[in-house]
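Peer 1: This is the structure I have questions about; it appears just below.
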Amino acid sequence: MTDSGKNGAFIKIHDIYKSFKGVPVLRGVSLEIAKGDVVCIIGPSGSGKSTILRCVNALTPVDQGFIQVGDIQVTSRDLNMVALCHRVGMVFQQYNLFPHKTVLQNLTMAPIQVLKQPRAEVTERACALLDKVRLGNKADAYPGELSGGQQQRVAIARALCMQPEVILFDEVTAALDPEMVGEVLSVIREIARDGMTCMIVTHEMGFAREAANQMYFTDGGVIVESGAPDAFFSNPKDERTRSFLSKVL
Amino acid sequence: MSENHMKLGPQVGITLPEPKQRSGLAFSPELTSILLAILAVVGIVLILTLLSGADTGLLGELLKWTPFMAQGFALNVAISLFAIVFGTIGGVFLGMGQLAPRGWISAPSKILTQIFRNAPWLVLLFYCIFLIPFQVRIGGETYTISNWLRASIGFTIPIVANFSEIVRGALQSIPSGQWEAARSLGYTWRQTVLSVVLPQCIKRMLPPWMNLYAILLMATPLASIVGVEESMTNARTALQAEADGRLLLPLYAYLLSWFFIYCYPIARISKSLEDRFAVR
């Protein structure tokens with residue numbers, strides 16, 4: 001069931017439970033992700049897939065169970081947020097760029113203020129990352145002046161600028177106009193190809209099939225099925241997976 | 001057609017209204033209305049003066065007392081500036097405190113805000129005048145805390161509480177995604193407020209802050225009740241010295257006009273800022 005790669009698991013999620021105001025959202029989710037893995041989580045809305053991501057970077061505390069990223073116990077009481085954020089980056093559906101800062105400042109402020117890295121070094125890295133997401137000419141623009149796709153690419157660059165070891169993508173193309181989805185997905189594809197560990201919650205089935213090396217299907221707060229993408233898409237075993245795939249494919 | 005087309009265009013940041021074509025005087029509508037209002041007030045004062053005394057002697061008396069009253073008015077302005085500066089600083093902290101994740105910070109912050117926001121300013125003023133010692137000894141030196149300083153502290157308290165509510169409202173108006181993004185980048189709660197959320201609120205807080213200042217300035221004559229020699233006290237002194245009943249109406253109208261001339265532009269500017277920031 002679990003996928004422990006050659007290097008052993010980098011992210012371990014063990015039997016986590018979470019409910020919001022008495023409504024259970026996660027009911028015993030376990031999964032393990034090796035370094036360099038690209039994992040896609042799909043499932044109907046409300047199935048808890050975003051909550052899994054939010055638990056991994058401690059935005060949402062779990063009720064029960066434990067999560068470990070590298071040597072960091074995410075669910076421990078004395079979690080060092082700074083250390084965790086140096087490991088785990090996150091990209092949101094609504095971009096959540098800081099509108100009062102320029103694109104370049106959006107990238108540099110957290111490494112400078114939180115990680116206390118020297119400004120010159122951070123700026124150099126940020127510019128390189130902006131070039132990588134093909135927005136080198138927008139460094140001095142404000143987020144409000146960019147299209148949705150451009151903003152989301154800035155958000156990805158911002159996450160990368162923290163030099164994390166894993167990036168969580170939470171439905172990053174769901175708020176975009178269709179013609180902008182491609183440019184964002186191709187950036188994610190490049191990052192994955194460079195060896196970044198990625199946990200991706202998405203509704204883009206074509207992208208998931210091609211980019212992921214492990215698929216998870218969640219429903220009702222549990223992982224119903226998992227497997228390598230080809231087998232997962234062409235020959236789903238569980239009835240719920242089949243009915244979901246038949247609706248979205 | 002062309003107007004419709006413009007409305008459909010991308011709304012980037014704050015769109016300023018396009019300047020209208022004007023011939024001749026290049027006054028903005030705000031400036032024009034401020035100047036007109038000031039002219040009207042000065043006119044009213046003059047008319048009242050002339051009506052009250054057919055001879056122009058009254059006008060001379062007004063002018064004679066002007067420096068004395070101006071001295072008092074300067075104190076009104078000084079008290080208001082003291083209270084707004086320290087009230088703003090205190091209000092930022094108390095407003096942040098209201099939203100602090102730790103209960104032992106947020107609960108007292110909320111209680112203090114509500115108590116002092118819902119207390120009559122005059123009562124707070126009395127407390128400060130009578131509870132703050134007249135003199136303090138610090139390291140052998142004796143310092144006198146003058147009346148106006150104690151009154152200023154008295155005005156600072158309601159400003160802190162009122163601004164605390166403005167800060168709280170502004171902080172809460174920032175979408176939760178901003179807080180989450182900051183958190184996911186390792187910002188602590190305090191860093192998030194200071195570097196991410198509060199800077200985005202300044203535009204929103206500016207109009208209510210200016211309103212608060214105008215209200216504060218207009219409340220400063222309350223200090224005359226506790227014996228501070230500000231403009232209201234000085235006006236009364238002038239009336240008693242002249243013992244001329246005809247002076248009553250023009251003199252107070254004259255004083256009112258000063259407050260109006262000082263406050264009306266602030267109110268206008270804050271209104272126009274409000275309108276401008278309303279475009280989102």
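Following the order of the structure tokens, chains are lettered A, B, ..., residues in each are numbered from 1, and ligands are numbered from 1.
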Show me, as JSON lines, the residues of chain B having an atom within 7 Å of chain A, each with the closest atom pair and its distance in Å, using only C-alpha atoms.
Peer 2:
{"residue": "B:Val12", "atom": "CA", "partner": "A:Gly144", "partner_atom": "CA", "distance": 5.8}
{"residue": "B:Gly13", "atom": "CA", "partner": "A:Gly144", "partner_atom": "CA", "distance": 6.2}
{"residue": "B:Gly177", "atom": "CA", "partner": "A:Asn96", "partner_atom": "CA", "distance": 5.6}
{"residue": "B:Gln178", "atom": "CA", "partner": "A:Asn96", "partner_atom": "CA", "distance": 5.6}
{"residue": "B:Ala181", "atom": "CA", "partner": "A:Asn96", "partner_atom": "CA", "distance": 6.1}
{"residue": "B:Ser184", "atom": "CA", "partner": "A:Cys85", "partner_atom": "CA", "distance": 6.2}
{"residue": "B:Leu185", "atom": "CA", "partner": "A:Cys85", "partner_atom": "CA", "distance": 5.7}
{"residue": "B:Gly186", "atom": "CA", "partner": "A:Val82", "partner_atom": "CA", "distance": 4.8}
{"residue": "B:Tyr187", "atom": "CA", "partner": "A:Val114", "partner_atom": "CA", "distance": 6.3}
{"residue": "B:Val196", "atom": "CA", "partner": "A:Phe98", "partner_atom": "CA", "distance": 6.9}
{"residue": "B:Gln200", "atom": "CA", "partner": "A:His100", "partner_atom": "CA", "distance": 6.2}
Peer 1: Which residues in segment 35-233 of chain A does DSSP call alpha helix (DSSP H)? List them as a PyMOL selection string.
Peer 2: chain A and resi 49-56+81-87+103-113+119-132+148-161+178-193+205-211+229-233
Peer 1: What is the atom CA of Leu81 of chain B to atom CA of Ser224 of chain B distance in Å?
Peer 2: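 Separation between atom CA of Leu81 of chain B and atom CA of Ser224 of chain B: 17.1 Å.
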Peer 1: How far is it from atom CA of Ile38 of chain B to atom CA of Phe259 of chain B, in Å with one decimal?
Peer 2: 10.8 Å
